[in-house]
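Note: the block below is work-v9.cif and it holds mmCIF, C-alpha atoms.
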data_target
#
loop_
_atom_site.label_atom_id
_atom_site.label_comp_id
_atom_site.auth_asym_id
_atom_site.auth_seq_id
_atom_site.Cartn_x
_atom_site.Cartn_y
_atom_site.Cartn_z
CA MET A 3 -80.63 -24.30 12.23
CA SER A 4 -84.00 -24.79 13.84
CA ASP A 5 -84.47 -23.43 17.34
CA ARG A 6 -85.11 -26.99 18.54
CA ALA A 7 -81.88 -28.40 17.12
CA GLN A 8 -80.03 -25.27 18.24
CA ARG A 9 -81.18 -25.70 21.83
CA LEU A 10 -80.02 -29.33 21.78
CA ALA A 11 -76.64 -28.27 20.35
CA LEU A 12 -76.35 -25.69 23.16
CA LEU A 13 -77.25 -28.33 25.74
CA GLN A 14 -74.71 -30.74 24.30
CA ASP A 15 -71.94 -28.12 24.31
CA LEU A 16 -72.74 -27.27 27.91
CA GLU A 17 -72.88 -30.89 29.10
CA LEU A 18 -69.64 -31.80 27.33
CA MET A 19 -67.96 -28.71 28.80
CA MET A 20 -69.05 -29.81 32.29
CA GLN A 21 -67.89 -33.36 31.61
CA GLU A 22 -64.44 -32.14 30.53
CA ALA A 23 -64.16 -29.81 33.53
CA GLU A 24 -64.82 -32.75 35.86
CA ASP A 25 -61.98 -34.77 34.35
CA PRO A 26 -59.15 -34.40 36.93
CA ALA A 27 -56.35 -34.62 34.34
CA ARG A 28 -57.98 -32.00 32.14
CA LYS A 29 -58.71 -29.71 35.09
CA GLU A 30 -55.12 -29.95 36.26
CA LYS A 31 -53.77 -29.05 32.82
CA GLU A 32 -56.03 -26.01 32.40
CA GLU A 33 -55.40 -24.76 35.92
CA ALA A 34 -51.64 -25.14 35.45
CA MET A 35 -51.94 -22.85 32.42
CA GLY A 36 -53.70 -20.23 34.54
CA PHE A 37 -57.36 -21.01 33.83
CA PRO A 38 -59.34 -21.81 37.00
CA LEU A 39 -62.36 -24.09 36.51
CA ASP A 40 -64.36 -23.22 39.60
CA GLY A 41 -67.74 -22.27 38.17
CA MET A 42 -69.44 -25.66 37.89
CA ALA A 43 -72.38 -24.52 40.04
CA LYS A 44 -73.04 -21.66 37.59
CA LEU A 45 -73.00 -24.07 34.66
CA GLU A 46 -75.39 -26.45 36.40
CA LYS A 47 -77.78 -23.53 36.93
CA GLU A 48 -77.54 -22.65 33.23
CA ARG A 49 -78.17 -26.30 32.29
CA LEU A 50 -81.33 -26.45 34.38
CA LYS A 51 -82.51 -23.18 32.83
CA LEU A 52 -81.86 -24.45 29.32
CA LEU A 53 -83.67 -27.74 30.00
CA LYS A 54 -86.87 -25.79 30.67
CA HIS A 55 -86.85 -24.58 27.06
CA ILE A 56 -86.47 -28.01 25.47
CA PRO A 57 -89.56 -30.08 24.66
CA LEU A 58 -89.66 -33.33 26.63
CA ALA A 59 -89.83 -35.49 23.49
CA ASP A 60 -86.68 -33.82 22.09
CA LEU A 61 -84.92 -34.32 25.39
CA ARG A 62 -85.83 -38.01 25.44
CA THR A 63 -84.48 -38.43 21.90
CA TYR A 64 -81.31 -36.58 22.85
CA GLU A 65 -80.77 -38.66 26.02
CA ARG A 66 -81.41 -41.93 24.17
CA ILE A 67 -78.78 -41.08 21.55
CA ARG A 68 -76.33 -39.79 24.19
CA HIS A 69 -76.42 -43.22 25.82
CA LYS A 70 -75.15 -44.66 22.56
CA TYR A 71 -72.75 -41.94 21.40
CA PRO A 72 -70.75 -39.23 23.21
CA ARG A 73 -72.38 -36.66 20.92
CA ALA A 74 -76.06 -36.86 20.03
CA VAL A 75 -76.16 -33.74 17.86
CA VAL A 76 -73.91 -33.49 14.83
CA ARG A 77 -73.37 -31.00 12.07
CA VAL A 78 -74.19 -31.64 8.45
CA ALA A 79 -71.50 -30.50 6.01
CA GLY A 80 -72.61 -30.54 2.41
CA ARG A 81 -74.77 -33.66 2.56
CA ILE A 82 -72.48 -35.56 4.92
CA CYS A 83 -73.45 -36.47 8.50
CA LEU A 84 -70.39 -35.51 10.57
CA GLY A 85 -71.24 -38.24 13.08
CA CYS A 86 -70.87 -41.26 10.78
CA PHE A 87 -69.60 -39.52 7.62
CA GLN A 88 -72.28 -41.10 5.44
CA THR A 89 -73.96 -39.15 2.65
CA LEU A 90 -77.50 -38.22 3.53
CA PRO A 91 -80.33 -38.93 1.09
CA THR A 92 -81.62 -35.96 -0.89
CA SER A 93 -84.86 -36.20 1.10
CA ALA A 94 -82.98 -35.08 4.25
CA THR A 95 -83.82 -31.43 4.68
CA ARG A 96 -82.67 -28.70 6.96
CA GLY A 97 -86.15 -27.54 7.86
CA VAL A 98 -87.58 -28.67 11.19
CA SER A 99 -91.08 -27.68 12.07
CA GLU A 100 -91.88 -26.74 15.64
CA ASP A 101 -93.96 -29.88 16.20
CA GLY A 102 -92.49 -32.37 13.69
CA PRO A 103 -89.87 -35.02 14.38
CA LEU A 104 -86.22 -34.05 14.82
CA PRO A 105 -84.11 -34.84 11.76
CA LEU A 106 -82.07 -37.98 12.44
CA CYS A 107 -79.34 -39.55 10.35
CA GLU A 108 -80.78 -42.64 8.65
CA ASN A 109 -77.47 -44.43 9.14
CA CYS A 110 -76.35 -43.65 12.72
CA GLY A 111 -79.51 -42.13 14.21
CA ARG A 112 -77.83 -38.97 15.52
CA ILE A 113 -79.69 -35.64 15.51
CA LEU A 114 -78.70 -33.63 12.47
CA TYR A 115 -78.42 -29.91 12.15
CA TRP A 116 -77.42 -27.61 9.39
CA THR A 117 -75.60 -24.32 9.93
CA MET B 28 -44.75 -26.89 17.38
CA THR B 29 -43.02 -24.66 14.83
CA ALA B 30 -43.92 -21.02 14.19
CA GLU B 31 -45.57 -22.01 10.90
CA ASP B 32 -47.62 -24.75 12.60
CA PHE B 33 -48.71 -22.20 15.17
CA LEU B 34 -49.56 -19.58 12.53
CA SER B 35 -51.64 -22.09 10.56
CA TYR B 36 -54.42 -21.67 13.15
CA PHE B 37 -54.65 -17.92 12.41
CA SER B 38 -55.70 -16.07 9.26
CA GLU B 39 -55.89 -12.54 7.94
CA ALA B 40 -59.70 -12.74 8.05
CA ARG B 41 -59.47 -13.64 11.73
CA PHE B 42 -57.09 -10.80 12.57
CA VAL B 43 -58.94 -7.99 14.34
CA LYS B 44 -56.71 -4.94 14.45
CA GLU B 45 -58.92 -3.01 16.83
CA LEU B 46 -61.97 -4.26 18.69
CA ARG B 47 -64.89 -1.86 18.70
CA SER B 48 -66.36 -3.03 21.99
CA ARG B 49 -64.79 -2.39 25.36
CA THR B 50 -67.02 -4.79 27.31
CA LYS B 51 -66.25 -8.48 27.76
CA ASP B 52 -69.49 -9.76 26.18
CA GLY B 53 -69.22 -7.23 23.35
CA ALA B 54 -65.64 -8.22 22.56
CA LEU B 55 -66.46 -11.95 22.68
CA SER B 56 -69.47 -11.41 20.45
CA GLU B 57 -67.35 -9.49 17.91
CA MET B 58 -64.77 -12.27 17.87
CA ALA B 59 -67.42 -15.00 17.58
CA THR B 60 -68.93 -13.19 14.60
CA VAL B 61 -65.53 -12.97 12.90
CA LEU B 62 -64.96 -16.69 13.42
CA ALA B 63 -68.46 -17.64 12.29
CA GLN B 64 -68.06 -15.63 9.08
CA ASP B 65 -64.61 -16.96 8.26
CA GLY B 66 -65.04 -20.49 9.60
CA GLY B 67 -68.27 -21.35 7.80
CA ILE B 68 -70.04 -21.74 11.12
CA GLY B 69 -73.16 -19.81 10.20
CA ASP B 70 -75.07 -18.54 13.21
CA PRO B 71 -72.54 -17.05 15.69
CA SER B 72 -75.01 -17.22 18.58
CA VAL B 73 -74.24 -20.89 19.43
CA LEU B 74 -70.56 -20.05 19.38
CA PHE B 75 -71.05 -16.98 21.56
CA GLU B 76 -73.14 -18.96 24.07
CA MET B 77 -70.42 -21.60 24.35
CA ILE B 78 -67.74 -18.94 24.95
CA ARG B 79 -69.92 -17.08 27.47
CA ARG B 80 -70.58 -20.31 29.38
CA ARG B 81 -66.89 -21.18 29.35
CA GLU B 82 -66.28 -17.79 31.01
CA ASN B 83 -68.83 -18.74 33.66
CA LEU B 84 -66.85 -21.88 34.34
CA GLY B 85 -63.78 -19.74 35.01
CA SER B 86 -62.33 -16.53 33.65
CA THR B 87 -59.91 -16.93 30.75
CA ALA B 88 -58.13 -13.65 31.55
CA LEU B 89 -54.49 -14.46 32.27
CA GLY B 90 -53.63 -11.03 33.64
CA ARG B 91 -51.09 -8.54 32.24
CA GLY B 92 -53.62 -7.50 29.60
CA VAL B 93 -54.14 -10.91 27.99
CA ALA B 94 -57.22 -13.14 27.66
CA VAL B 95 -57.47 -16.49 25.91
CA PRO B 96 -61.16 -17.40 25.69
CA HIS B 97 -61.40 -20.98 24.47
CA GLY B 98 -63.68 -23.95 24.15
CA ARG B 99 -65.01 -26.76 22.04
CA THR B 100 -68.32 -26.72 20.26
CA THR B 101 -70.51 -29.00 18.18
CA ILE B 102 -70.61 -26.44 15.39
CA ALA B 103 -66.85 -26.22 14.77
CA THR B 104 -65.25 -28.47 12.18
CA LYS B 105 -61.63 -27.49 12.78
CA THR B 106 -59.48 -25.72 15.35
CA GLN B 107 -59.18 -22.01 14.61
CA VAL B 108 -58.01 -18.90 16.41
CA VAL B 109 -59.11 -15.28 16.24
CA PHE B 110 -56.55 -12.71 17.33
CA ALA B 111 -57.95 -9.38 18.44
CA ARG B 112 -56.38 -6.30 19.92
CA SER B 113 -57.87 -3.44 21.85
CA ARG B 114 -55.58 -0.48 22.43
CA LYS B 115 -58.08 1.05 24.84
CA GLY B 116 -58.57 -2.28 26.60
CA VAL B 117 -61.54 -4.51 27.33
CA ASP B 118 -62.99 -4.68 30.83
CA TYR B 119 -62.59 -8.45 31.28
CA ASP B 120 -62.75 -8.90 35.08
CA ALA B 121 -59.12 -10.00 35.20
CA LEU B 122 -57.77 -10.86 38.63
CA ASP B 123 -55.06 -8.19 38.36
CA GLY B 124 -57.70 -5.64 37.37
CA GLU B 125 -55.94 -4.76 34.11
CA PRO B 126 -58.05 -4.30 31.00
CA CYS B 127 -57.34 -6.89 28.28
CA ARG B 128 -55.58 -5.59 25.19
CA LEU B 129 -54.59 -8.86 23.54
CA LEU B 130 -57.25 -11.53 23.04
CA PHE B 131 -56.93 -14.94 21.44
CA LEU B 132 -60.17 -16.86 20.88
CA ILE B 133 -59.60 -20.59 20.30
CA VAL B 134 -62.50 -22.71 19.09
CA ALA B 135 -62.16 -26.43 18.46
CA PRO B 136 -64.43 -29.30 17.50
CA TYR B 137 -64.98 -32.25 19.84
CA GLU B 138 -63.52 -34.70 17.35
CA ASP B 139 -59.98 -33.44 17.93
CA ARG B 140 -58.21 -36.35 16.24
CA ARG B 141 -54.87 -34.55 16.06
CA GLN B 142 -55.22 -33.62 19.75
CA GLU B 143 -54.14 -30.09 18.96
CA TYR B 144 -56.43 -28.05 21.18
CA LEU B 145 -54.64 -28.19 24.54
CA PRO B 146 -51.09 -27.98 23.09
CA LEU B 147 -52.18 -24.92 21.09
CA LEU B 148 -53.71 -23.33 24.17
CA GLY B 149 -50.49 -24.02 26.08
CA LYS B 150 -48.36 -22.55 23.31
CA ILE B 151 -50.39 -19.34 23.19
CA VAL B 152 -50.02 -18.98 26.97
CA GLU B 153 -46.28 -19.56 26.66
CA VAL B 154 -45.89 -17.02 23.83
CA VAL B 155 -47.83 -14.21 25.52
CA ASN B 156 -46.06 -14.84 28.80
CA GLU B 157 -43.07 -12.98 27.35
CA GLU B 158 -43.30 -9.23 27.89
CA PRO B 159 -41.41 -8.27 24.67
CA VAL B 160 -43.83 -10.39 22.61
CA ARG B 161 -46.82 -8.71 24.21
CA GLY B 162 -45.24 -5.35 23.45
CA LYS B 163 -44.80 -6.24 19.78
CA LEU B 164 -48.32 -7.63 19.44
CA LEU B 165 -49.69 -4.39 20.83
CA GLU B 166 -47.98 -2.50 18.01
CA VAL B 167 -48.82 -4.68 14.99
CA SER B 168 -51.14 -3.10 12.47
CA THR B 169 -51.33 -5.82 9.78
CA PHE B 170 -51.59 -9.58 9.76
CA GLY B 171 -48.14 -9.69 8.15
CA GLU B 172 -46.69 -7.81 11.12
CA PHE B 173 -48.49 -10.19 13.45
CA GLN B 174 -46.94 -13.18 11.66
CA GLN B 175 -43.53 -11.51 11.88
CA ALA B 176 -43.90 -10.91 15.63
CA ILE B 177 -44.84 -14.57 16.16
CA ARG B 178 -41.92 -15.83 14.08
CA GLU B 179 -39.55 -13.65 16.12
CA ALA B 180 -41.09 -14.97 19.36
CA PHE B 181 -40.41 -18.54 18.23
CA ARG B 182 -36.80 -17.67 17.32
CA GLU B 183 -36.05 -16.15 20.73
#
Now that the file is in, can you turn its structure into structure tokens?
Amino acid sequence: MSDRAQRLALLQDLELMMQEAEDPARKEKEEAMGFPLDGMAKLEKERLKLLKHIPLADLRTYERIRHKYPRAVVRVAGRICLGCFQTLPTSATRGVSEDGPLPLCENCGRILYWT
Amino acid sequence: MTAEDFLSYFSEARFVKELRSRTKDGALSEMATVLAQDGGIGDPSVLFEMIRRRENLGSTALGRGVAVPHGRTTIATKTQVVFARSRKGVDYDALDGEPCRLLFLIVAPYEDRRQEYLPLLGKIVEVVNEEPVRGKLLEVSTFGEFQQAIREAFRE
């Protein structure tokens, strides 16, 4: 996974975690099991720190896709995009250069990453 | 959930008889590496970061020597659990101050179509809530013995 795609995957995990923790029904269930969810301020700090390490263009791409789908970054398994489950063309490659475009699924437009 | 359903989330490759690390981050990193290797996740660092951040949201130590770190991540494709034991105990910042000796790491994908993540988390909490079960899990030395202890817990 490229560092750029990895940072976006980390951001996505963090933002979805915060989103779930803000859901009252979810919070109630977890707290009833014995897991307090009281560290939102810490997570927000981490999010702001992480944002500083993401190029603005990547962030714009990520935000644009997040407006359309709940998850902007998806895994590739074999040659399948796990966002839309379409087979990627053979030209889709796992390599992302530091200044090139992010790899996007030709079908759904989500950001692809390979593990 | 039957015992076999419950056990289907575990595997021999994700059974850690004795953790090497006694620190919270060290133990979580060991468990993330085990899951990454067995779960086809690749780089364990994304997994570890997710788990570490989940701990910042709120400790997953339940007290009485048990911790259930858990979370969802983009890089997971299915719900899996790592069971790890530490006879010496991991310093986990539990509210009761007890070191954690039994750890269950649950990692799930966001596309949880079977909606299995929270029920599984709840079942683990229910199982380890029983003192005799905790006692047996502290003594198991093979995955087979672990399976046996879980089956007995479901029968009782």
Between CA of Phe170 (chain B) and CA of Ser38 (chain B), measure the distance and give it in Å to one decimal.
->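 Computing the Euclidean distance for CA of Phe170 (chain B) and CA of Ser38 (chain B) yields 7.7 Å.
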Residues selected by the PyMOL selection byres ((chain A) within 6 of (chain B)), written as a PyMOL selection string = chain A and resi 15+37-42+117
Can you spit out the residues from that selection as a PDB file, in the frame of the given file, using C-alpha atoms?
ATOM      1  CA  ASP A  15     -71.940 -28.120  24.310  1.00  0.00           C
ATOM      2  CA  PHE A  37     -57.360 -21.010  33.830  1.00  0.00           C
ATOM      3  CA  PRO A  38     -59.340 -21.810  37.000  1.00  0.00           C
ATOM      4  CA  LEU A  39     -62.360 -24.090  36.510  1.00  0.00           C
ATOM      5  CA  ASP A  40     -64.360 -23.220  39.600  1.00  0.00           C
ATOM      6  CA  GLY A  41     -67.740 -22.270  38.170  1.00  0.00           C
ATOM      7  CA  MET A  42     -69.440 -25.660  37.890  1.00  0.00           C
ATOM      8  CA  THR A 117     -75.600 -24.320   9.930  1.00  0.00           C
TER       9      THR A 117
END
Find the axis-aligned box for region 153-161 of chain B, covering all its listed atoms and adding 5 Å on each side, and write its centre and edge lengths in Å to one decimal as AutoDock Vina command-line options.
--center_x -44.6 --center_y -13.9 --center_z 25.7 --size_x 16.4 --size_y 21.3 --size_z 16.2
Give as an MDAnalysis selection string every residue, naming chains and numbers as the document does, that has an atom within 9 Å of (-55.5, -20.8, 12.2), counting only C-alpha atoms.
-> chainID B and resid 32:38 41 106:109
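Nearest to Arg112 (chain A) of all the residues A:Leu13, A:Cys83, A:Ala43, A:Ala27 is A:Cys83, based on only C-alpha atoms.
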Identify the residues within 9 Å of coordinate (-49.7, -12.4, 11.8) (same frame as the file), considering all atoms listed in the file, and give the answer as a count of residues only.
-> 17
Do you know which residues the PyMOL selection byres ((chain B and resi 117) around 8) returns on this file, as an MDAnalysis selection string?
-> chainID B and resid 48:51 54 113 115:116 118:119 126:128
In Å and to one decimal, CA of Pro136 (chain B) is distant from CA of Arg73 (chain A) by 11.4 Å
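The two atoms in question, CA of Leu114 (chain A) and CA of Ile56 (chain A), are spaced 16.2 Å apart.
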So that I can see what lies close to Ala7 (chain A), please list as a PDB file with C-alpha atoms, in the coordinates of the input the residues with an atom at most 12 Å from it, counting all atoms listed in the file and leaving out residues fewer than 5 positions away in the same chain.
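File written: out.pdb
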ATOM      1  CA  LEU A  12     -76.350 -25.690  23.160  1.00  0.00           C
ATOM      2  CA  LEU A  13     -77.250 -28.330  25.740  1.00  0.00           C
ATOM      3  CA  GLN A  14     -74.710 -30.740  24.300  1.00  0.00           C
ATOM      4  CA  HIS A  55     -86.850 -24.580  27.060  1.00  0.00           C
ATOM      5  CA  ILE A  56     -86.470 -28.010  25.470  1.00  0.00           C
ATOM      6  CA  PRO A  57     -89.560 -30.080  24.660  1.00  0.00           C
ATOM      7  CA  ASP A  60     -86.680 -33.820  22.090  1.00  0.00           C
ATOM      8  CA  LEU A  61     -84.920 -34.320  25.390  1.00  0.00           C
ATOM      9  CA  THR A  63     -84.480 -38.430  21.900  1.00  0.00           C
ATOM     10  CA  TYR A  64     -81.310 -36.580  22.850  1.00  0.00           C
ATOM     11  CA  ALA A  74     -76.060 -36.860  20.030  1.00  0.00           C
ATOM     12  CA  VAL A  75     -76.160 -33.740  17.860  1.00  0.00           C
ATOM     13  CA  VAL A  76     -73.910 -33.490  14.830  1.00  0.00           C
ATOM     14  CA  ARG A  77     -73.370 -31.000  12.070  1.00  0.00           C
ATOM     15  CA  ARG A  96     -82.670 -28.700   6.960  1.00  0.00           C
ATOM     16  CA  GLY A  97     -86.150 -27.540   7.860  1.00  0.00           C
ATOM     17  CA  VAL A  98     -87.580 -28.670  11.190  1.00  0.00           C
ATOM     18  CA  SER A  99     -91.080 -27.680  12.070  1.00  0.00           C
ATOM     19  CA  GLU A 100     -91.880 -26.740  15.640  1.00  0.00           C
ATOM     20  CA  GLY A 102     -92.490 -32.370  13.690  1.00  0.00           C
ATOM     21  CA  PRO A 103     -89.870 -35.020  14.380  1.00  0.00           C
ATOM     22  CA  LEU A 104     -86.220 -34.050  14.820  1.00  0.00           C
ATOM     23  CA  PRO A 105     -84.110 -34.840  11.760  1.00  0.00           C
ATOM     24  CA  LEU A 106     -82.070 -37.980  12.440  1.00  0.00           C
ATOM     25  CA  ARG A 112     -77.830 -38.970  15.520  1.00  0.00           C
ATOM     26  CA  ILE A 113     -79.690 -35.640  15.510  1.00  0.00           C
ATOM     27  CA  LEU A 114     -78.700 -33.630  12.470  1.00  0.00           C
ATOM     28  CA  TYR A 115     -78.420 -29.910  12.150  1.00  0.00           C
ATOM     29  CA  TRP A 116     -77.420 -27.610   9.390  1.00  0.00           C
ATOM     30  CA  THR A 117     -75.600 -24.320   9.930  1.00  0.00           C
TER      31      THR A 117
ATOM     32  CA  VAL B  73     -74.240 -20.890  19.430  1.00  0.00           C
ATOM     33  CA  THR B 101     -70.510 -29.000  18.180  1.00  0.00           C
ATOM     34  CA  ILE B 102     -70.610 -26.440  15.390  1.00  0.00           C
TER      35      ILE B 102
END
In terms of all atoms listed in the file, the residue from B:Thr29, B:Lys163, B:Ala94, B:Arg114 at minimal distance from Phe131 (chain B) is B:Ala94
Which residue out of A:Ala79, A:Ala23, A:Lys29, A:Cys107 has the minimum interatomic distance to Ile67 (chain A) when all atoms listed in the file are used?
->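 Counting all atoms listed in the file, the residue closest to Ile67 (chain A) is A:Cys107.
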So which one's closest to Gln142 (chain B), B:Ala180, B:Lys105, B:Asn156, B:Arg79? Using all atoms listed in the file, please.
->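 Once distances to Gln142 (chain B) are computed over all atoms listed in the file, the minimum belongs to B:Lys105.
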